[in-house]
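To start, the structure under review is shown below, and the notes come after it.
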There are 2 protein chains.
Amino acid sequence: MTSTRGLTAKGAATRTRIVETAADQVLARGVGGTSLDDVRLATRTSKSQLFHYFPGGKHELVRAIVACQGERVLDAQRPALDTLDSWEAWAAWRDRVIAHYTRVDGVLGCPIGSLASELAAVDPVLRDDLAAYFRRWSELLAAGVARMRERGLLDDGADPEAFATELLAAIEGGLLLSQTVGTLQPLEVALDGALAHLRTHAVGP
Amino acid sequence: MTSTRGLTAKGAATRTRIVETAADQVLARGVGGTSLDDVRLATRTSKSQLFHYFPGGKHELVRAIVACQGERVLDAQRPALDTLDSWEAWAAWRDRVIAHYTRVDGVLGCPIGSLASELAAVDPVLRDDLAAYFRRWSELLAAGVARMRERGLLDDGADPEAFATELLAAIEGGLLLSQTVGTLQPLEVALDGALAHLRTHAVGP
DNA sequence: ATTCGAATGGACTAGTAGGTCCATTTCTAG
DNA sequence: CTAGAAATGGACCTACTAGTCCATTCGAAT
């Protein structure tokens, strides 16, 4: 983790400006497709600033980007993600996910999903960081399924962990397909499919 | 497409050696992480050979790699993929998919999935190539679902196209998650989930 | 055996990448 | 006000990358 000690307000602002702008660039062109000069230009900073805030160089910057995108992805699903305790809540969450990727023009693909497929095989540290975000995400979904069971809205056949990974895989895989086709349709179909599967375990009227 | 005119048997052999070896390297380290020198070294060829067989340079080589991996992925699922007309066939296909990724040590992740997420946003030509492979794959799965309906093994609620993308997304998303975790478990769970969903539309004993 | 195109070897170039270094300006605390 | 740390600017270095070019060897058809 980058220490935040010895950072003035101005410095901290510059640092986050770098991370957030660079995160956008990386989302659009990939880590390999984004040079430090690109970042420097887009953030109106100098080379020395980049290494001042990220002494570990590009690796450390990318790690900060991973953290940034990880939070972004989770935040984009809130507050629905935290209160999955009714079918309405799941529908709202579903709409929120779809809406989020409709908003971003041009660039489809999950921010952390893209990072994962580009970095997981290469960098063990970033791989673990990304795995942690996926686990957090998965746990929130699993908690939602568990809550539905507690409330008697789902039968005992609905395994929370299993459905969490099924839903997560549907989103990631759906977005991957969407990226190649250029339409959100695959994501919608995949996600709705996984949710339909969940609903086969519904109990009650 | 690279013309195969004016290629002797030896030349053709060298060309395929380059493509197949480079495909392995790209699968392990990504397109950006694989330099032409890496390819040159691994294939015991010279720079001039690379450009002799791929006048368009790296772009053309990558395109050949996409084609190679696309066929590989489909072939890995055969013959089960072509004869999805019973529940046993689906189970066999499922096992074949899992087994294929168990075999490859170290490197998880779908060959064309990784390529897609790295290239789709950047290169429209390769994006279309990849989309075509996904469509072929999807159509084979959809045909399987359709055949199950014709045979009265699935009810009319099972939309072939929708289930095809749901299954495909489960595989791609599952593999992405597997890559970060380092285990095949996410893939198995996601794929089995999608298949379980399909089975909720089963008809008969 | 000769000949001509295919196959190969490898030096070379221009551009770009990440990263270092030092000088300068701007804060902020005492 | 001033001293020291933080913030910034930007030249510079080295390694590597895709791509070019020409010379040489190989192989098959005549």
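Ordering of the structure tokens sets the chain letters (A, B, ...), residue numbers begin anew at 1 in every chain, and ligands are numbered from 1 in the order given.
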Run DSSP on the backbone of this structure and report the residues of chain B it assigns to alpha helix (DSSP H), as a ChimeraX atom specification. /B:9-29,36-43,47-53,58-76,87-103,111-119,124-150,160-181,185-199
For DA7 of chain C, work out the shell of residues within 9 Å, counting only C-alpha atoms (C1' of nucleotides) and skipping chain neighbours fewer than 3 positions away, then give it as a PyMOL selection string. (chain B and resi 10-11+49+52) or (chain D and resi 25-26)
Report as a JSON list (two decimals) with N, CA and C atoms, in the first residue's frame the set of chain A residues whose atoms approach chain C to within 12 Å, with distances computed over only C-alpha atoms (C1' of nucleotides).
```json
[["chain", "number", "residue", "atom", "x", "y", "z"],
["A", 6, "GLY", "N", 3.06, 12.36, 4.81],
["A", 6, "GLY", "CA", 3.84, 13.36, 4.12],
["A", 6, "GLY", "C", 3.21, 13.85, 2.84],
["A", 7, "LEU", "N", 1.90, 13.74, 2.77],
["A", 7, "LEU", "CA", 1.20, 14.27, 1.61],
["A", 7, "LEU", "C", 0.35, 15.47, 2.03],
["A", 8, "THR", "N", 0.56, 16.57, 1.38],
["A", 8, "THR", "CA", -0.29, 17.73, 1.66],
["A", 8, "THR", "C", -1.62, 17.53, 0.94],
["A", 9, "ALA", "N", -2.57, 18.41, 1.23],
["A", 9, "ALA", "CA", -3.88, 18.30, 0.58],
["A", 9, "ALA", "C", -3.71, 18.37, -0.94],
["A", 10, "LYS", "N", -2.86, 19.27, -1.36],
["A", 10, "LYS", "CA", -2.62, 19.44, -2.80],
["A", 10, "LYS", "C", -2.02, 18.17, -3.39],
["A", 11, "GLY", "N", -1.05, 17.64, -2.64],
["A", 11, "GLY", "CA", -0.40, 16.41, -3.11],
["A", 11, "GLY", "C", -1.38, 15.27, -3.24],
["A", 32, "GLY", "N", -1.08, -2.42, -20.98],
["A", 32, "GLY", "CA", -0.02, -2.41, -21.96],
["A", 32, "GLY", "C", -0.14, -1.27, -22.96],
["A", 33, "GLY", "N", -1.36, -0.86, -23.19],
["A", 33, "GLY", "CA", -1.61, 0.20, -24.18],
["A", 33, "GLY", "C", -1.56, 1.60, -23.61],
["A", 34, "THR", "N", -1.26, 1.69, -22.33],
["A", 34, "THR", "CA", -1.19, 3.00, -21.69],
["A", 34, "THR", "C", 0.22, 3.25, -21.18],
["A", 35, "SER", "N", 0.90, 4.23, -21.73],
["A", 35, "SER", "CA", 2.27, 4.53, -21.30],
["A", 35, "SER", "C", 2.24, 5.61, -20.22],
["A", 36, "LEU", "N", 3.33, 5.70, -19.51],
["A", 36, "LEU", "CA", 3.42, 6.74, -18.49],
["A", 36, "LEU", "C", 3.36, 8.12, -19.12],
["A", 37, "ASP", "N", 3.81, 8.23, -20.34],
["A", 37, "ASP", "CA", 3.71, 9.51, -21.04],
["A", 37, "ASP", "C", 2.25, 9.85, -21.33],
["A", 38, "ASP", "N", 1.46, 8.83, -21.66],
["A", 38, "ASP", "CA", 0.03, 9.05, -21.85],
["A", 38, "ASP", "C", -0.59, 9.61, -20.57],
["A", 47, "LYS", "N", 7.03, 13.72, -15.27],
["A", 47, "LYS", "CA", 7.56, 12.40, -14.98],
["A", 47, "LYS", "C", 7.92, 12.28, -13.50],
["A", 48, "SER", "N", 8.55, 13.32, -12.98],
["A", 48, "SER", "CA", 9.00, 13.27, -11.59],
["A", 48, "SER", "C", 7.82, 13.15, -10.62],
["A", 50, "LEU", "N", 4.98, 11.57, -11.23],
["A", 50, "LEU", "CA", 4.54, 10.18, -11.30],
["A", 50, "LEU", "C", 5.37, 9.30, -10.36],
["A", 51, "PHE", "N", 6.67, 9.50, -10.40],
["A", 51, "PHE", "CA", 7.54, 8.67, -9.56],
["A", 51, "PHE", "C", 7.61, 9.19, -8.13],
["A", 52, "HIS", "N", 7.21, 10.43, -7.95],
["A", 52, "HIS", "CA", 7.13, 10.96, -6.59],
["A", 52, "HIS", "C", 5.97, 10.30, -5.84],
["A", 54, "PHE", "N", 4.33, 7.55, -6.92],
["A", 54, "PHE", "CA", 4.38, 6.09, -7.08],
["A", 54, "PHE", "C", 5.83, 5.66, -7.28],
["A", 55, "PRO", "N", 6.57, 5.63, -6.15],
["A", 55, "PRO", "CA", 8.01, 5.31, -6.22],
["A", 55, "PRO", "C", 8.26, 3.96, -6.89],
["A", 56, "GLY", "N", 7.30, 3.07, -6.77],
["A", 56, "GLY", "CA", 7.48, 1.76, -7.38],
["A", 56, "GLY", "C", 7.24, 1.76, -8.88],
["A", 57, "GLY", "N", 7.05, 2.94, -9.45],
["A", 57, "GLY", "CA", 6.86, 3.05, -10.89],
["A", 57, "GLY", "C", 5.51, 2.57, -11.37],
["A", 58, "LYS", "N", 5.48, 2.12, -12.59],
["A", 58, "LYS", "CA", 4.22, 1.74, -13.22],
["A", 58, "LYS", "C", 3.49, 0.64, -12.44],
["A", 59, "HIS", "N", 4.28, -0.28, -11.92],
["A", 59, "HIS", "CA", 3.67, -1.37, -11.16],
["A", 59, "HIS", "C", 2.83, -0.84, -10.01]]
```
Surrounding residues of Val73 of chain B excluding itself and chain neighbours under 3 positions, 12 Å, only C-alpha atoms (C1' of nucleotides), as a list in words: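 Using only C-alpha atoms (C1' of nucleotides), the neighbours found are Val66, Ala67, Cys68, Gln69, Gly70, Ala76, Gln77, Arg78, Leu81, Arg96, Val97, His100, Tyr101, Gly109, Cys110, Pro111, Ile112, Gly113, Leu130, Tyr133, Phe134, Arg136, Trp137, Ile171 and Glu172 of chain B.
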Sorted per-residue table, chain B near chain A, closest atoms and distance, 6 Å, only C-alpha atoms, as a Markdown table:
```
| residue | atom | partner | partner_atom | distance |
| --- | --- | --- | --- | --- |
| B:Gly32 | CA | A:Gly32 | CA | 5.9 |
| B:Ser114 | CA | A:Ser117 | CA | 5.9 |
| B:Ser117 | CA | A:Ser114 | CA | 5.9 |
| B:Ala120 | CA | A:Thr180 | CA | 5.7 |
| B:Arg127 | CA | A:Thr180 | CA | 5.5 |
| B:Ala131 | CA | A:Thr180 | CA | 5.2 |
| B:Glu166 | CA | A:Ala190 | CA | 4.5 |
| B:Ala169 | CA | A:Gly173 | CA | 4.0 |
| B:Ala170 | CA | A:Ala170 | CA | 5.4 |
| B:Glu172 | CA | A:Gly173 | CA | 4.8 |
| B:Gly173 | CA | A:Gly173 | CA | 3.7 |
| B:Gly174 | CA | A:Ala169 | CA | 5.0 |
| B:Thr180 | CA | A:Ala131 | CA | 5.2 |
| B:Val181 | CA | A:Ala131 | CA | 6.0 |
| B:Ala190 | CA | A:Glu166 | CA | 4.5 |
| B:His197 | CA | A:His197 | CA | 5.1 |
```
Write the residues you've just listed into a file as a compact mmCIF listing (two decimals), in the first residue's frame, and include C-alpha atoms for each of them.
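Written out: result34.txt:
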```txt
# COMPACT_ATOMS: atom_id res chain seq x y z
CA GLY B 32 1.52 -7.08 -25.25
CA SER B 114 -8.07 -13.50 -23.11
CA SER B 117 -10.45 -8.70 -23.59
CA ALA B 120 -11.49 -6.10 -28.71
CA ARG B 127 -12.63 -7.78 -32.64
CA ALA B 131 -16.82 -12.12 -32.46
CA GLU B 166 -25.77 -18.01 -20.94
CA ALA B 169 -20.84 -16.42 -20.58
CA ALA B 170 -20.63 -18.97 -17.78
CA GLU B 172 -15.83 -17.23 -20.12
CA GLY B 173 -16.70 -15.63 -16.81
CA GLY B 174 -15.92 -18.80 -14.91
CA THR B 180 -7.55 -14.98 -10.40
CA VAL B 181 -8.24 -17.69 -7.84
CA ALA B 190 -20.58 -21.43 -13.13
CA HIS B 197 -30.74 -23.87 -15.21
```
Rows by chain and residue number, chain D within 12 Å of chain A, shortest pair, only C-alpha atoms (C1' of nucleotides), as a tab-separated table:
```
residue	atom	partner	partner_atom	distance
D:DA5	C1'	A:Gly6	CA	8.7
D:DA6	C1'	A:Leu7	CA	7.4
D:DA7	C1'	A:Gly11	CA	7.0
D:DT8	C1'	A:Gln49	CA	6.8
D:DG9	C1'	A:Ser46	CA	6.4
D:DG10	C1'	A:Ser46	CA	7.3
D:DA11	C1'	A:Lys47	CA	10.8
D:DC12	C1'	A:Lys47	CA	11.9
```
Write out the residues from the selection above, keeping C-alpha atoms (C1' of nucleotides), as a PDB file, in the first residue's frame.
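Result file is selection.pdb:
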```
ATOM      1  C1'  DA D   5       9.973  19.523   3.282  1.00  0.00           C
ATOM      2  C1'  DA D   6       6.820  18.701  -0.388  1.00  0.00           C
ATOM      3  C1'  DA D   7       5.552  19.520  -5.198  1.00  0.00           C
ATOM      4  C1'  DT D   8       6.822  20.269  -9.810  1.00  0.00           C
ATOM      5  C1'  DG D   9       9.368  20.701 -14.446  1.00  0.00           C
ATOM      6  C1'  DG D  10      11.797  18.494 -17.692  1.00  0.00           C
ATOM      7  C1'  DA D  11      16.210  16.932 -19.628  1.00  0.00           C
ATOM      8  C1'  DC D  12      18.392  12.730 -19.978  1.00  0.00           C
TER       9       DC D  12
END
```
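Going from atom CA of Leu61 of chain A over to atom CA of Gln25 of chain A, you cover 12.5 Å.
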Rounded to one decimal, what separation in Å do you get between atom CA of Trp90 of chain B and atom CA of Arg72 of chain B?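 A separation of 19.6 Å between them.
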